[in-house]
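Chemist: Take a look at entry.cif, mmCIF, C-alpha atoms and all ligand atoms:
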```cif
data_entry
#
loop_
_atom_site.label_atom_id
_atom_site.label_comp_id
_atom_site.auth_asym_id
_atom_site.auth_seq_id
_atom_site.Cartn_x
_atom_site.Cartn_y
_atom_site.Cartn_z
CA MET C 277 0.00 0.00 0.00
CA SER C 278 1.35 3.43 -0.92
CA PRO C 279 2.01 5.89 1.91
CA HIS C 280 -0.53 8.22 0.30
CA ARG C 281 -3.21 5.54 0.30
CA ARG C 282 -2.40 4.63 3.89
CA ARG C 283 -2.66 8.27 4.94
CA GLN C 284 -5.97 8.53 3.16
CA ILE C 285 -7.41 5.47 4.91
CA GLN C 286 -6.11 6.70 8.24
CA ARG C 287 -7.75 10.07 7.58
CA ARG C 288 -11.05 8.38 6.72
CA ARG C 289 -10.96 6.49 9.99
CA ILE C 290 -10.29 9.68 11.92
CA VAL C 291 -13.17 11.52 10.23
CA ALA C 292 -15.56 8.58 10.68
CA LEU C 293 -14.64 8.45 14.35
CA SER C 294 -15.08 12.19 14.66
CA VAL C 295 -18.54 12.10 13.08
CA PHE C 296 -19.44 9.36 15.53
CA ALA C 297 -18.02 11.39 18.42
CA VAL C 298 -20.14 14.37 17.43
CA GLY C 299 -23.18 12.11 17.40
CA VAL C 300 -22.40 11.03 20.95
CA LEU C 301 -21.79 14.63 21.97
CA VAL C 302 -25.11 15.74 20.48
CA ILE C 303 -26.94 13.00 22.31
CA SER C 304 -25.23 13.75 25.63
CA LEU C 305 -25.92 17.50 25.25
CA ALA C 306 -29.54 16.75 24.45
CA ILE C 307 -29.84 14.46 27.47
CA ASP C 308 -28.23 17.10 29.72
CA ALA C 309 -30.59 19.74 28.40
CA GLY C 310 -33.57 17.52 29.00
CA GLY C 311 -32.39 16.46 32.45
CA GLY C 312 -32.43 19.19 35.09
CA GLY C 313 -35.82 20.46 36.11
CA SER C 314 -37.98 19.21 33.28
CA SER C 315 -39.45 16.05 34.70
CA HIS C 316 -41.42 15.20 31.57
CA HIS C 317 -38.17 14.76 29.63
CA THR C 318 -37.30 11.31 30.88
CA THR C 319 -37.33 9.48 27.55
CA GLY C 320 -35.82 9.79 24.09
CA ALA C 321 -38.10 12.77 23.52
CA SER C 322 -35.25 14.96 24.83
CA LEU C 323 -33.33 14.20 21.60
CA GLN C 324 -35.69 16.43 19.62
CA PRO C 325 -33.57 18.68 17.38
CA PRO C 326 -34.23 22.42 17.57
CA PRO C 327 -36.79 23.67 15.03
CA ILE C 328 -35.39 25.03 11.76
CA VAL C 329 -35.60 28.81 11.69
CA SER C 330 -34.61 30.43 8.43
CA LEU C 331 -32.90 33.80 8.13
CA GLU C 332 -35.04 36.93 8.15
CA ALA C 333 -36.37 37.93 4.71
CA THR C 334 -34.33 41.15 4.63
CA VAL C 335 -31.11 39.27 5.47
CA GLN C 336 -31.89 36.70 2.77
CA GLU C 337 -32.31 39.53 0.27
CA ASP C 338 -28.95 41.08 1.28
CA LEU C 339 -27.25 37.69 1.02
CA ARG C 340 -28.70 37.05 -2.42
CA ARG C 341 -27.35 40.39 -3.62
CA GLN C 342 -23.95 39.66 -2.06
CA ALA C 343 -23.89 36.17 -3.63
CA ALA C 344 -24.83 37.50 -7.06
CA ALA C 345 -21.89 39.93 -6.93
CA GLN C 346 -19.43 37.28 -5.72
CA ASN C 347 -20.66 34.58 -8.11
CA VAL C 348 -19.33 36.64 -11.03
CA GLY C 349 -15.87 35.43 -10.01
CA ILE C 350 -17.00 31.80 -9.84
CA ASP C 351 -18.64 32.03 -13.28
CA HIS C 352 -15.47 33.51 -14.73
CA VAL C 353 -13.22 30.77 -13.34
CA LEU C 354 -15.60 27.97 -14.36
CA LYS C 355 -15.09 28.96 -17.98
CA TYR C 356 -11.59 27.49 -17.91
CA THR C 357 -11.32 25.16 -14.88
CA PRO C 358 -13.72 22.98 -12.85
CA PHE C 359 -11.54 23.18 -9.71
CA VAL C 360 -9.15 25.50 -7.90
CA THR C 361 -6.52 25.00 -5.23
CA SER C 362 -5.57 28.67 -4.82
CA GLY C 363 -5.97 32.14 -6.23
CA GLY C 364 -3.68 33.79 -8.75
CA GLY C 365 -1.11 35.11 -6.27
CA ARG C 366 -1.02 38.61 -7.77
CA ARG C 367 -2.66 40.08 -4.70
CA LYS C 368 -1.74 39.48 -1.09
CA GLU C 369 -5.05 37.77 -0.37
CA ILE C 370 -5.72 34.63 1.64
CA ALA C 371 -8.86 32.57 2.25
CA LEU C 372 -9.58 30.72 5.49
CA THR C 373 -11.85 27.73 4.86
CA PHE C 374 -13.55 25.52 7.45
CA ASP C 375 -14.82 21.98 6.80
CA ASP C 376 -17.05 19.39 8.46
CA GLY C 377 -19.32 21.77 10.40
CA PRO C 378 -21.62 23.02 11.55
CA GLY C 379 -20.86 21.82 15.06
CA PRO C 380 -20.64 22.90 18.68
CA TYR C 381 -17.54 25.04 17.95
CA THR C 382 -18.96 26.83 14.90
CA PRO C 383 -20.55 29.76 16.80
CA GLN C 384 -17.27 30.47 18.64
CA ILE C 385 -15.25 30.39 15.41
CA VAL C 386 -17.80 32.55 13.56
CA ASN C 387 -17.68 35.01 16.44
CA SER C 388 -13.87 35.26 16.35
CA LEU C 389 -14.00 35.87 12.60
CA LYS C 390 -16.73 38.47 12.98
CA LYS C 391 -14.91 40.34 15.73
CA ALA C 392 -11.79 40.54 13.58
CA HIS C 393 -13.81 41.48 10.44
CA VAL C 394 -12.52 38.40 8.63
CA PRO C 395 -14.81 36.82 6.03
CA ALA C 396 -14.37 33.06 5.61
CA THR C 397 -15.72 30.13 3.61
CA PHE C 398 -17.40 27.13 5.25
CA PHE C 399 -17.89 23.71 3.62
CA GLU C 400 -20.66 22.10 5.56
CA VAL C 401 -22.05 18.62 6.06
CA GLY C 402 -25.84 18.47 5.61
CA PHE C 403 -26.99 16.14 8.39
CA LEU C 404 -25.19 18.21 11.02
CA GLU C 405 -27.58 21.08 10.27
CA THR C 406 -30.23 19.09 12.15
CA TYR C 407 -28.67 20.16 15.46
CA PHE C 408 -26.26 22.94 14.62
CA HIS C 409 -27.97 25.06 11.95
CA ALA C 410 -27.83 28.13 14.22
CA GLY C 411 -24.08 28.23 13.52
CA THR C 412 -24.72 28.17 9.77
CA ARG C 413 -27.20 31.03 10.08
CA ASP C 414 -24.70 33.07 12.13
CA ALA C 415 -21.96 32.47 9.57
CA ALA C 416 -24.18 33.46 6.64
CA ARG C 417 -25.43 36.54 8.47
CA ALA C 418 -21.83 37.58 9.14
CA GLY C 419 -21.09 37.47 5.39
CA ASP C 420 -19.28 34.14 5.35
CA VAL C 421 -19.84 31.97 2.30
CA ILE C 422 -21.33 28.50 2.77
CA GLY C 423 -20.30 25.73 0.39
CA ASP C 424 -21.39 22.11 0.01
CA HIS C 425 -19.42 19.25 1.65
CA THR C 426 -22.11 16.57 1.01
CA GLU C 427 -24.97 15.37 3.20
CA ARG C 428 -22.98 12.76 5.18
CA HIS C 429 -19.32 13.40 4.48
CA ALA C 430 -19.40 10.82 1.71
CA HIS C 431 -16.50 9.29 -0.18
CA LEU C 432 -17.99 10.25 -3.54
CA GLY C 433 -15.42 8.45 -5.69
CA SER C 434 -16.82 5.10 -4.55
CA LEU C 435 -20.53 5.92 -4.98
CA PRO C 436 -22.82 5.43 -8.00
CA LYS C 437 -24.24 8.49 -9.74
CA ALA C 438 -27.64 8.64 -7.98
CA ALA C 439 -26.03 8.44 -4.53
CA GLN C 440 -23.50 11.14 -5.41
CA ARG C 441 -26.31 13.37 -6.64
CA ASP C 442 -28.23 12.87 -3.38
CA GLN C 443 -25.15 13.68 -1.32
CA ILE C 444 -24.62 16.98 -3.13
CA ASP C 445 -28.27 18.04 -3.42
CA SER C 446 -29.43 17.14 0.10
CA GLN C 447 -26.90 19.49 1.63
CA ALA C 448 -27.96 22.26 -0.77
CA GLN C 449 -31.57 21.72 0.32
CA TRP C 450 -30.61 22.31 3.96
CA LEU C 451 -29.11 25.64 3.00
CA HIS C 452 -32.24 26.50 1.03
CA LYS C 453 -34.38 25.75 4.09
CA LEU C 454 -32.22 28.09 6.17
CA GLY C 455 -32.48 30.86 3.58
CA VAL C 456 -28.76 30.69 2.77
CA PRO C 457 -27.90 31.34 -0.93
CA GLN C 458 -27.64 28.35 -3.27
CA PRO C 459 -24.12 26.89 -2.80
CA ARG C 460 -21.86 27.48 -5.80
CA LEU C 461 -18.77 25.99 -4.13
CA PHE C 462 -18.15 22.33 -3.43
CA ARG C 463 -15.40 20.56 -1.52
CA PRO C 464 -15.15 16.77 -1.85
CA PRO C 465 -14.75 14.93 1.49
CA TYR C 466 -11.39 13.07 1.59
CA GLY C 467 -10.55 14.83 -1.71
CA SER C 468 -12.47 11.96 -3.32
CA PHE C 469 -14.32 12.44 -6.61
CA ASN C 470 -14.50 11.04 -10.15
CA ASP C 471 -15.80 12.00 -13.59
CA THR C 472 -19.39 11.48 -12.41
CA THR C 473 -18.83 14.00 -9.61
CA MET C 474 -17.39 16.50 -12.06
CA ALA C 475 -20.37 16.10 -14.40
CA LEU C 476 -22.80 16.66 -11.50
CA LEU C 477 -20.91 19.77 -10.37
CA LYS C 478 -20.80 21.14 -13.91
CA LYS C 479 -24.56 20.80 -14.25
CA ARG C 480 -25.00 22.70 -10.96
CA ARG C 481 -22.41 25.35 -11.95
CA MET C 482 -20.46 24.50 -8.82
CA LEU C 483 -16.74 25.11 -8.52
CA MET C 484 -14.72 22.42 -6.73
CA VAL C 485 -12.53 24.14 -4.14
CA LEU C 486 -9.45 22.27 -2.92
CA TRP C 487 -6.74 23.89 -0.80
CA SER C 488 -3.11 24.95 -0.81
CA VAL C 489 -2.39 24.56 2.93
CA ASP C 490 -3.62 21.66 5.08
CA SER C 491 -3.35 22.57 8.77
CA GLN C 492 -4.24 18.96 9.77
CA ASP C 493 -6.03 20.52 12.72
CA TYR C 494 -8.44 17.55 12.83
CA ARG C 495 -5.61 15.51 14.37
CA GLN C 496 -5.52 18.00 17.28
CA PRO C 497 -1.74 18.50 17.19
CA GLY C 498 -1.87 21.49 19.57
CA VAL C 499 -2.74 25.15 18.99
CA GLY C 500 0.89 26.13 18.33
CA THR C 501 1.34 23.46 15.66
CA ILE C 502 -1.87 24.45 13.87
CA VAL C 503 -0.78 28.11 13.83
CA ARG C 504 2.74 27.23 12.65
CA ARG C 505 1.52 25.01 9.79
CA VAL C 506 -0.77 27.77 8.54
CA MET C 507 1.95 30.41 8.80
CA ASP C 508 4.55 28.15 7.12
CA GLY C 509 2.21 27.47 4.20
CA ALA C 510 0.71 30.95 3.83
CA LYS C 511 1.29 32.47 0.38
CA ARG C 512 -0.50 35.00 -1.80
CA GLY C 513 -3.71 33.42 -3.09
CA GLY C 514 -3.56 30.70 -0.43
CA ILE C 515 -6.60 28.62 0.49
CA ILE C 516 -6.17 27.35 4.06
CA LEU C 517 -7.92 24.16 5.21
CA LEU C 518 -9.21 24.15 8.79
CA HIS C 519 -12.10 22.31 10.51
CA ASP C 520 -14.90 23.75 12.62
CA GLY C 521 -16.73 20.42 12.93
CA GLY C 522 -16.40 16.64 12.83
CA GLY C 523 -15.00 16.30 16.36
CA VAL C 524 -13.52 18.31 19.19
CA ARG C 525 -12.31 21.58 17.65
CA SER C 526 -11.24 23.54 20.72
CA GLN C 527 -7.67 23.77 19.37
CA THR C 528 -8.85 25.17 16.05
CA ALA C 529 -11.15 27.61 17.84
CA ALA C 530 -8.19 28.79 19.95
CA ALA C 531 -5.86 28.96 16.92
CA VAL C 532 -8.14 31.10 14.72
CA PRO C 533 -7.63 34.48 16.49
CA ILE C 534 -3.84 33.89 16.57
CA ILE C 535 -3.76 32.93 12.88
CA ILE C 536 -5.72 36.06 11.99
CA LYS C 537 -3.38 38.31 13.98
CA GLN C 538 -0.21 36.77 12.52
CA LEU C 539 -1.41 36.74 8.91
CA ARG C 540 -2.52 40.39 9.23
CA LYS C 541 0.89 41.27 10.62
CA ARG C 542 2.41 39.77 7.47
CA GLY C 543 0.13 41.97 5.37
CA PHE C 544 -2.46 39.46 4.16
CA LYS C 545 -5.99 40.52 3.36
CA PHE C 546 -8.70 37.97 4.18
CA VAL C 547 -11.25 37.17 1.48
CA THR C 548 -13.89 34.54 0.82
CA VAL C 549 -13.13 32.05 -1.95
CA PRO C 550 -15.63 33.67 -4.39
CA GLN C 551 -14.08 37.08 -3.66
CA MET C 552 -10.62 35.66 -4.39
CA MET C 553 -11.91 34.23 -7.68
CA ALA C 554 -13.26 37.68 -8.60
CA ASP C 555 -10.18 39.69 -7.50
CA ASP C 556 -7.34 37.38 -8.40
CA PRO C 557 -8.32 34.12 -10.13
CA PRO C 558 -5.77 31.36 -10.75
CA PRO C 559 -4.32 31.09 -14.25
CA PRO C 560 -5.66 28.40 -16.64
CA GLY C 561 -3.93 25.01 -16.77
CA GLN C 562 -4.18 24.15 -13.06
CA ARG C 563 -2.93 20.66 -12.17
CA LEU C 564 -4.62 18.45 -9.60
CA PRO C 565 -2.47 18.23 -6.46
CA HIS C 566 -0.96 14.99 -5.17
CA TYR C 567 -3.34 14.62 -2.22
CA ILE C 568 -6.30 14.09 -4.49
CA SER C 569 -7.57 10.54 -4.75
CA GLY C 570 -10.08 11.04 -7.54
CA GLY C 571 -9.52 11.78 -11.20
ZN ZN C 601 -14.41 16.90 5.45
#
```
How would this structure read if it were set down as structure tokens?
Ligand SMILES: [Zn+2]
Modeler:
Amino acid sequence: MSPHRRRQIQRRRIVALSVFAVGVLVISLAIDAGGGGSSHHTTGASLQPPPIVSLEATVQEDLRRQAAAQNVGIDHVLKYTPFVTSGGGRRKEIALTFDDGPGPYTPQIVNSLKKAHVPATFFEVGFLETYFHAGTRDAARAGDVIGDHTERHAHLGSLPKAAQRDQIDSQAQWLHKLGVPQPRLFRPPYGSFNDTTMALLKKRRMLMVLWSVDSQDYRQPGVGTIVRRVMDGAKRGGIILLHDGGGVRSQTAAAVPIIIKQLRKRGFKFVTVPQMMADDPPPPGQRLPHYISGG
């Protein structure tokens, strides 16, 4: 087995475990919430997810206008490439991206970004909206862009067409329910996709967004290591991969304000991925990076 393949399998195990861990966390939180004081909550009824509340109509209207302006960049790039790993590098811009949420740490991360006036891009997993959609709403309201990361963090490259379609569209339907603009960005879980995936994305005018710096924060290597990896990899047009969900993300949440401060000190301007595509798109002829398992 190649080291790359081994790494990939190891990563899949970690993410699967993390998704499971979040499930356990959700259940324990729900049980806690139903415990104290409310004597009628003694059964599984306490696992009721919070009701879906969509964004206010005026906010939805603002977001649609903002998306329409930003989508110009996506449309432009899609004319010559179905995927990107970075921007063009002519401007000193950088994009923070967060995968595998929404989760219990999403509100804290969104808040840090908001306080520092840093727009970011989130690639979210559909089924997690059931419990954590408030974080998605907060992110959208703050001007962050929400992309699609499938309904259940699926390994698309090993699924037939109908299942791949469901994975992509179910997540988009969650966003629709919340009043968040139609996702035009997609990130494949595990970097796994195939020609079928690309055909589905093309039909939906979705741009596949990969990354140029992997912080590997999901392994919880310590706040200092996460910050150092981001700073070591930071370049003009960089797309940084971080995780706000899929497991315990306290280290990422603690690293975000430090990363923002240090990147600012080095003169980087923070943009969303669509903004980067509009301001400073990558040149044609992009090559797929080595970490990608699809093709
Ligand atoms: Zn993921």
Chemist: Pick out the closest residue to ligand ZN 601 (chain C) from this set: C:Leu518, C:Ala344, C:Leu483, C:Ala530. Count only C-alpha atoms and all ligand atoms.
Modeler: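 Under the stated criterion, the closest residue is C:Leu518.
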Chemist: So the first atom is atom CA of C:Ala333 and the second is atom CA of C:Asp424; what is the distance between them in Å, to one decimal place?
Modeler: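 Taking atom CA of C:Ala333 and atom CA of C:Asp424, their separation equals 22.3 Å.
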Chemist: Which residue out of C:Ala439, C:Ala416, C:Met507, C:Thr528 has the minimum interatomic distance to C:Gln492 when only C-alpha atoms are used?
Modeler: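 The closest residue to C:Gln492 is C:Thr528.
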Chemist: Once you count all atoms listed in the file, which residues end up within 12 Å of ligand ZN 601 (chain C), and could you hand them over as an MDAnalysis selection string?
Modeler: chainID C and resid 287:292 294:295 373:378 398:402 423:432 462:468 486 490 492:494 517:523
Chemist: In Å to one decimal, how far is atom CA of C:Ile515 from atom CA of C:Gln562?
Modeler: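 Separation between atom CA of C:Gln562 and atom CA of C:Ile515: 14.5 Å.
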Chemist: Write out as AutoDock Vina command-line options an axis-aligned box for stretch 350-358 of chain C: all of its atoms listed in the file, 8 Å added on each side, centre and edge lengths in Å with one decimal.
Modeler:
```
--center_x -15.0 --center_y 28.2 --center_z -13.9 --size_x 23.3 --size_y 26.5 --size_z 24.1
```
Chemist: Report as a ChimeraX atom specification all protein, DNA and RNA residues lying within 9 Å of C:Ala415, evaluated on all atoms listed in the file, omitting residues in the same chain fewer than 4 positions from it.
Modeler: /C:382-383,386-387,390,396-398,410-411,419-422
Chemist: Of the candidates C:Thr361, C:Ser526, C:Gln496, C:Ser446, which shows the shortest atom-to-atom distance to C:Phe403, using all atoms listed in the file?
Modeler: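 Under the stated criterion, the closest residue is C:Ser446.
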